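Heads up, the thing below is written out as structure tokens.
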Amino acid sequence: FAGLVAQLAAKAGEAMLVIDDVAPNPDSALLAEQTARLAALPSPPEVIVALGGGFYYLREYFRNPDAACPVTAPQARRRVFERLRKLANDPGAYRKLGELWIEGEHLCEALLLKGGAASHAVATETAWATPRLRALAEQAAAVSIVPDALMAGVSSLESPAAIGFVCAWPRVEAPEPRRPSVVLDRVQDPGNVGAILRSAAAFGFTQVLALEGSAALWSPKVLRAGMGAHFGLRLVEGLEIDALDALALPLVTTSSHGGEPISGRMFGSGRSLY
């Protein structure tokens, strides 16, 4: 290492700082102390060179808000990926963990387009080598680049996506009384729920209220079926039917077995579809 430093100094001049106590799996204390040394410099360096290491590790070192690389230290890697597997495979895990796993380029872009933010991006090595996906991953507060095969261990998809985001679950406790709303009464099929969310967004509804017994609105399957509609809707779930009494809207109940065609009815701007 000292020889490499000397060779570089001979060509580019003396370094402002040499960090020579790099560990293969550094803990948070060491990284915090090294970061403090960098912060103490009189001015920011224009170039950072990793000798005998790699750009990936250096990138994780500086981007991770906890000053620890989540995919190099074995224990940290295990914790991170156990959490991701829960979010990807357990429909109700987001309620316990307070986070969402959003998988795939389209959903990640939809989150950002609606003003959402990602706390963590996980991208495969193939995605990181693709400029478009790399730029998308860089929108997150922290980035982890993993082998393609490792992403397969996280994903619940038969063909895992190359990129995914972790973001905060936008939990909403109660309905807004005057928002145009769709009410789900024990609709349990994730694909159907996602299709309803897409339709609701397309027809100008801004709130979806799910009664107790309906599918988890932010589960991975519903997220995929919603195709980005989630991020433009106010979603309230786990409601008892009495909660609908607070709505200051006319209620319209739809049925596949009869009744008056909805196209023959005229409504004002406030409406709720049940």
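All residue names refer to the structure tokens as shown: chains lettered A, B, ... in order, residues numbered from 1 in each chain, ligands numbered from 1 in order.
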
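Shell of Asp185 (chain A) at 12 Å, with only C-alpha atoms counted and residues fewer than 5 places along the chain excluded, is Val193, Val208, Leu209, Ala210, Leu211, Glu212, Gly213, Ser214, Ala215, Glu237, Gly238, Leu239, Glu240, Ile241, Leu244, Thr253, Thr254, Leu273 and Tyr274 of chain A.
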
Restricting the output to C-alpha atoms, write the selected residues as a short mmCIF file (atom, residue, chain, number, x, y, z; two decimals), in the first residue's frame.
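Once everything was written out, this is result_0.cif:
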```
data_model
loop_
_atom_site.label_atom_id
_atom_site.label_comp_id
_atom_site.auth_asym_id
_atom_site.auth_seq_id
_atom_site.Cartn_x
_atom_site.Cartn_y
_atom_site.Cartn_z
CA VAL A 193 -57.16 -4.71 -5.90
CA VAL A 208 -59.09 4.47 -1.64
CA LEU A 209 -60.57 3.13 1.58
CA ALA A 210 -60.14 -0.58 2.30
CA LEU A 211 -62.44 -2.17 4.86
CA GLU A 212 -61.09 -4.80 7.24
CA GLY A 213 -60.70 -8.09 5.39
CA SER A 214 -59.45 -6.55 2.13
CA ALA A 215 -56.03 -7.40 0.70
CA GLU A 237 -56.80 0.42 5.12
CA GLY A 238 -58.10 -1.74 7.94
CA LEU A 239 -61.26 0.35 8.36
CA GLU A 240 -64.48 -0.73 10.02
CA ILE A 241 -67.62 0.01 8.06
CA LEU A 244 -67.71 5.50 6.18
CA THR A 253 -72.73 0.80 -4.70
CA THR A 254 -71.75 -1.16 -7.80
CA LEU A 273 -67.84 4.52 -5.23
CA TYR A 274 -68.48 1.46 -3.12
#
```

- Where in region 93-186 of chain A does DSSP assign strand (DSSP E), given as a ChimeraX atom specification? /A:99-103,120-124,143-146,163-168,181-184

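Distances here use only C-alpha atoms; by that measure, the residue among A:Ile19, A:Lys96, A:Gly104, A:Ile163 closest to His120 (chain A) is A:Ile163.
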
- Item | Selection: 9 Å around Phe205 (chain A), only C-alpha atoms, excl. self and same-chain fewer than 3 positions, as a ChimeraX atom specification | /A:179-182,199-202,208,233,271-272

Please dump the current selection as a PDB file, in the first residue's frame; keep all heavy atoms.
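The result, written out as result_15.pdb:
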```pdb
ATOM      1  N   ARG A 179     -62.827  13.835  -0.018  1.00  0.00           N
ATOM      2  CA  ARG A 179     -62.042  13.368  -1.172  1.00  0.00           C
ATOM      3  C   ARG A 179     -62.854  12.372  -1.996  1.00  0.00           C
ATOM      4  O   ARG A 179     -63.465  11.451  -1.437  1.00  0.00           O
ATOM      5  CB  ARG A 179     -60.760  12.683  -0.711  1.00  0.00           C
ATOM      6  CG  ARG A 179     -59.597  13.624  -0.461  1.00  0.00           C
ATOM      7  CD  ARG A 179     -58.363  12.807  -0.139  1.00  0.00           C
ATOM      8  NE  ARG A 179     -57.201  13.638   0.098  1.00  0.00           N
ATOM      9  CZ  ARG A 179     -56.196  13.773  -0.757  1.00  0.00           C
ATOM     10  NH1 ARG A 179     -56.228  13.128  -1.911  1.00  0.00           N
ATOM     11  NH2 ARG A 179     -55.168  14.539  -0.475  1.00  0.00           N
ATOM     12  N   PRO A 180     -62.850  12.508  -3.323  1.00  0.00           N
ATOM     13  CA  PRO A 180     -63.466  11.474  -4.166  1.00  0.00           C
ATOM     14  C   PRO A 180     -62.835  10.113  -3.860  1.00  0.00           C
ATOM     15  O   PRO A 180     -61.614   9.973  -3.953  1.00  0.00           O
ATOM     16  CB  PRO A 180     -63.155  11.943  -5.588  1.00  0.00           C
ATOM     17  CG  PRO A 180     -62.935  13.418  -5.461  1.00  0.00           C
ATOM     18  CD  PRO A 180     -62.295  13.612  -4.114  1.00  0.00           C
ATOM     19  N   SER A 181     -63.651   9.142  -3.485  1.00  0.00           N
ATOM     20  CA  SER A 181     -63.109   7.908  -2.892  1.00  0.00           C
ATOM     21  C   SER A 181     -63.696   6.652  -3.509  1.00  0.00           C
ATOM     22  O   SER A 181     -64.842   6.636  -3.982  1.00  0.00           O
ATOM     23  CB  SER A 181     -63.388   7.884  -1.374  1.00  0.00           C
ATOM     24  OG  SER A 181     -62.844   9.019  -0.740  1.00  0.00           O
ATOM     25  N   VAL A 182     -62.898   5.609  -3.488  1.00  0.00           N
ATOM     26  CA  VAL A 182     -63.345   4.251  -3.805  1.00  0.00           C
ATOM     27  C   VAL A 182     -63.215   3.428  -2.534  1.00  0.00           C
ATOM     28  O   VAL A 182     -62.187   3.485  -1.854  1.00  0.00           O
ATOM     29  CB  VAL A 182     -62.510   3.630  -4.938  1.00  0.00           C
ATOM     30  CG1 VAL A 182     -62.833   2.144  -5.104  1.00  0.00           C
ATOM     31  CG2 VAL A 182     -62.756   4.363  -6.249  1.00  0.00           C
ATOM     32  N   SER A 199     -57.638   1.871 -11.963  1.00  0.00           N
ATOM     33  CA  SER A 199     -58.859   2.469 -12.497  1.00  0.00           C
ATOM     34  C   SER A 199     -59.260   3.707 -11.704  1.00  0.00           C
ATOM     35  O   SER A 199     -59.684   4.713 -12.277  1.00  0.00           O
ATOM     36  CB  SER A 199     -59.996   1.437 -12.488  1.00  0.00           C
ATOM     37  OG  SER A 199     -59.671   0.317 -13.277  1.00  0.00           O
ATOM     38  N   ALA A 200     -59.134   3.621 -10.377  1.00  0.00           N
ATOM     39  CA  ALA A 200     -59.489   4.764  -9.526  1.00  0.00           C
ATOM     40  C   ALA A 200     -58.656   5.983  -9.893  1.00  0.00           C
ATOM     41  O   ALA A 200     -59.180   7.096 -10.045  1.00  0.00           O
ATOM     42  CB  ALA A 200     -59.295   4.401  -8.059  1.00  0.00           C
ATOM     43  N   ALA A 201     -57.358   5.778 -10.052  1.00  0.00           N
ATOM     44  CA  ALA A 201     -56.483   6.897 -10.403  1.00  0.00           C
ATOM     45  C   ALA A 201     -56.824   7.452 -11.778  1.00  0.00           C
ATOM     46  O   ALA A 201     -56.842   8.670 -11.988  1.00  0.00           O
ATOM     47  CB  ALA A 201     -55.022   6.440 -10.354  1.00  0.00           C
ATOM     48  N   ALA A 202     -57.128   6.551 -12.728  1.00  0.00           N
ATOM     49  CA  ALA A 202     -57.429   6.986 -14.091  1.00  0.00           C
ATOM     50  C   ALA A 202     -58.726   7.801 -14.153  1.00  0.00           C
ATOM     51  O   ALA A 202     -58.849   8.725 -14.970  1.00  0.00           O
ATOM     52  CB  ALA A 202     -57.536   5.772 -15.009  1.00  0.00           C
ATOM     53  N   VAL A 208     -58.550   5.830  -1.675  1.00  0.00           N
ATOM     54  CA  VAL A 208     -59.091   4.469  -1.644  1.00  0.00           C
ATOM     55  C   VAL A 208     -59.153   4.014  -0.195  1.00  0.00           C
ATOM     56  O   VAL A 208     -58.160   4.101   0.540  1.00  0.00           O
ATOM     57  CB  VAL A 208     -58.229   3.493  -2.480  1.00  0.00           C
ATOM     58  CG1 VAL A 208     -58.736   2.062  -2.316  1.00  0.00           C
ATOM     59  CG2 VAL A 208     -58.239   3.901  -3.951  1.00  0.00           C
ATOM     60  N   LEU A 233     -52.339   8.168  -4.951  1.00  0.00           N
ATOM     61  CA  LEU A 233     -53.573   7.971  -4.198  1.00  0.00           C
ATOM     62  C   LEU A 233     -53.328   8.060  -2.702  1.00  0.00           C
ATOM     63  O   LEU A 233     -52.245   7.744  -2.219  1.00  0.00           O
ATOM     64  CB  LEU A 233     -54.173   6.589  -4.510  1.00  0.00           C
ATOM     65  CG  LEU A 233     -54.673   6.362  -5.938  1.00  0.00           C
ATOM     66  CD1 LEU A 233     -54.946   4.874  -6.162  1.00  0.00           C
ATOM     67  CD2 LEU A 233     -55.927   7.184  -6.215  1.00  0.00           C
ATOM     68  N   ARG A 271     -67.763  12.482  -4.777  1.00  0.00           N
ATOM     69  CA  ARG A 271     -68.420  11.193  -4.994  1.00  0.00           C
ATOM     70  C   ARG A 271     -67.627  10.099  -4.303  1.00  0.00           C
ATOM     71  O   ARG A 271     -66.436  10.224  -4.060  1.00  0.00           O
ATOM     72  CB  ARG A 271     -68.538  10.888  -6.488  1.00  0.00           C
ATOM     73  CG  ARG A 271     -67.181  10.823  -7.204  1.00  0.00           C
ATOM     74  CD  ARG A 271     -67.363  11.021  -8.701  1.00  0.00           C
ATOM     75  NE  ARG A 271     -66.150  10.843  -9.432  1.00  0.00           N
ATOM     76  CZ  ARG A 271     -65.218  11.769  -9.577  1.00  0.00           C
ATOM     77  NH1 ARG A 271     -65.354  12.933  -8.992  1.00  0.00           N
ATOM     78  NH2 ARG A 271     -64.125  11.529 -10.291  1.00  0.00           N
ATOM     79  N   SER A 272     -68.288   9.033  -4.013  1.00  0.00           N
ATOM     80  CA  SER A 272     -67.631   7.870  -3.448  1.00  0.00           C
ATOM     81  C   SER A 272     -68.225   6.638  -4.095  1.00  0.00           C
ATOM     82  O   SER A 272     -69.444   6.525  -4.241  1.00  0.00           O
ATOM     83  CB  SER A 272     -67.832   7.805  -1.934  1.00  0.00           C
ATOM     84  OG  SER A 272     -67.133   6.714  -1.399  1.00  0.00           O
TER      85      SER A 272
END
```

- Message: Please extract the residues of region 49-264 of chain A with a backbone DSSP assignment of helix (DSSP H, G or I) and present them as a ChimeraX atom specification.
- Response: /A:55-63,74-89,93-97,105-113,125-128,131-137,148-152,190-202,220-226,229-232,241-246,262-264

- Task: Please identify all polymer residues within 12 Å of Ala12 (chain A), counting only C-alpha atoms, omitting same-chain residues fewer than 6 positions from it, and present them as a PyMOL selection string.
- Result: chain A and resi 5-6+47+49

- Using only C-alpha atoms, determine which residues lie at most 12 Å from Gly115 (chain A), disregarding the query and same-chain residues fewer than 6 positions distant; provide the list as a VMD selection string. chain A and resid 108 to 109 139 167 231 to 232

Could you write out the selected residues, including N, CA and C atoms, as a PDB file, in the first residue's frame?
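Saved as out06.pdb:
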```pdb
ATOM      1  N   CYS A 108     -40.101   2.127  -9.480  1.00  0.00           N
ATOM      2  CA  CYS A 108     -39.134   3.064  -8.892  1.00  0.00           C
ATOM      3  C   CYS A 108     -39.273   4.441  -9.527  1.00  0.00           C
ATOM      4  N   GLU A 109     -39.425   4.480 -10.836  1.00  0.00           N
ATOM      5  CA  GLU A 109     -39.608   5.762 -11.522  1.00  0.00           C
ATOM      6  C   GLU A 109     -40.924   6.416 -11.119  1.00  0.00           C
ATOM      7  N   GLN A 139     -30.675   8.138  -7.279  1.00  0.00           N
ATOM      8  CA  GLN A 139     -31.670   9.023  -6.672  1.00  0.00           C
ATOM      9  C   GLN A 139     -31.944   8.665  -5.215  1.00  0.00           C
ATOM     10  N   CYS A 167     -38.495   2.345   0.657  1.00  0.00           N
ATOM     11  CA  CYS A 167     -38.987   3.679   1.009  1.00  0.00           C
ATOM     12  C   CYS A 167     -39.928   3.558   2.204  1.00  0.00           C
ATOM     13  N   PHE A 231     -48.880   5.679  -5.830  1.00  0.00           N
ATOM     14  CA  PHE A 231     -48.151   6.878  -5.435  1.00  0.00           C
ATOM     15  C   PHE A 231     -48.919   8.170  -5.714  1.00  0.00           C
ATOM     16  N   GLY A 232     -50.067   8.045  -6.388  1.00  0.00           N
ATOM     17  CA  GLY A 232     -50.909   9.211  -6.615  1.00  0.00           C
ATOM     18  C   GLY A 232     -52.215   9.142  -5.848  1.00  0.00           C
TER      19      GLY A 232
END
```

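Look at Tyr94 (chain A): the protein and nucleic acid residues within 8 Å of it, using only C-alpha atoms and passing over chain neighbours fewer than 3 places away, are Leu87, Pro91, Leu97, Gly98, Glu99, Leu100, Trp169, Trp218 and Ser219 of chain A.
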
- Provide the CA of Ala121 (chain A) to CA of Ala40 (chain A) distance in Å, to one decimal place. 29.1 Å

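CA of Val146 (chain A) lies 18.0 Å from CA of Glu158 (chain A).
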
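CA of Glu138 (chain A) lies 13.8 Å from CA of Glu125 (chain A).
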
Residues at most 8 Å from Pro175 (chain A), counting only C-alpha atoms, excluding those fewer than 5 positions away in the same chain, as a short mmCIF file (atom, residue, chain, number, x, y, z; two decimals) with N, CA and C atoms, in the first residue's frame?
```cif
data_model
loop_
_atom_site.label_atom_id
_atom_site.label_comp_id
_atom_site.auth_asym_id
_atom_site.auth_seq_id
_atom_site.Cartn_x
_atom_site.Cartn_y
_atom_site.Cartn_z
N GLN A 207 -58.64 8.92 -3.37
CA GLN A 207 -58.57 8.20 -2.08
C GLN A 207 -59.20 6.83 -2.23
N LEU A 209 -60.32 3.56 0.21
CA LEU A 209 -60.57 3.13 1.58
C LEU A 209 -60.83 1.63 1.58
N VAL A 236 -56.10 4.30 2.66
CA VAL A 236 -56.42 4.05 4.06
C VAL A 236 -56.94 2.62 4.15
N ALA A 243 -66.59 3.68 9.74
CA ALA A 243 -65.73 4.80 9.35
C ALA A 243 -66.29 5.54 8.15
N ALA A 246 -68.25 9.03 8.23
CA ALA A 246 -67.60 10.34 8.24
C ALA A 246 -67.50 10.95 6.84
N LEU A 247 -67.78 10.17 5.79
CA LEU A 247 -67.66 10.68 4.44
C LEU A 247 -68.78 11.67 4.13
#
```

- Item | Which residue of A:Leu223, A:Glu82, A:Asp148, A:Ser43 approaches Ala161 (chain A) most closely, using only C-alpha atoms | A:Asp148

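When only C-alpha atoms are used to compute distances to Ala36 (chain A), the closest of the residues A:Arg198, A:Leu17, A:Leu133, A:Ala140 turns out to be A:Leu17.
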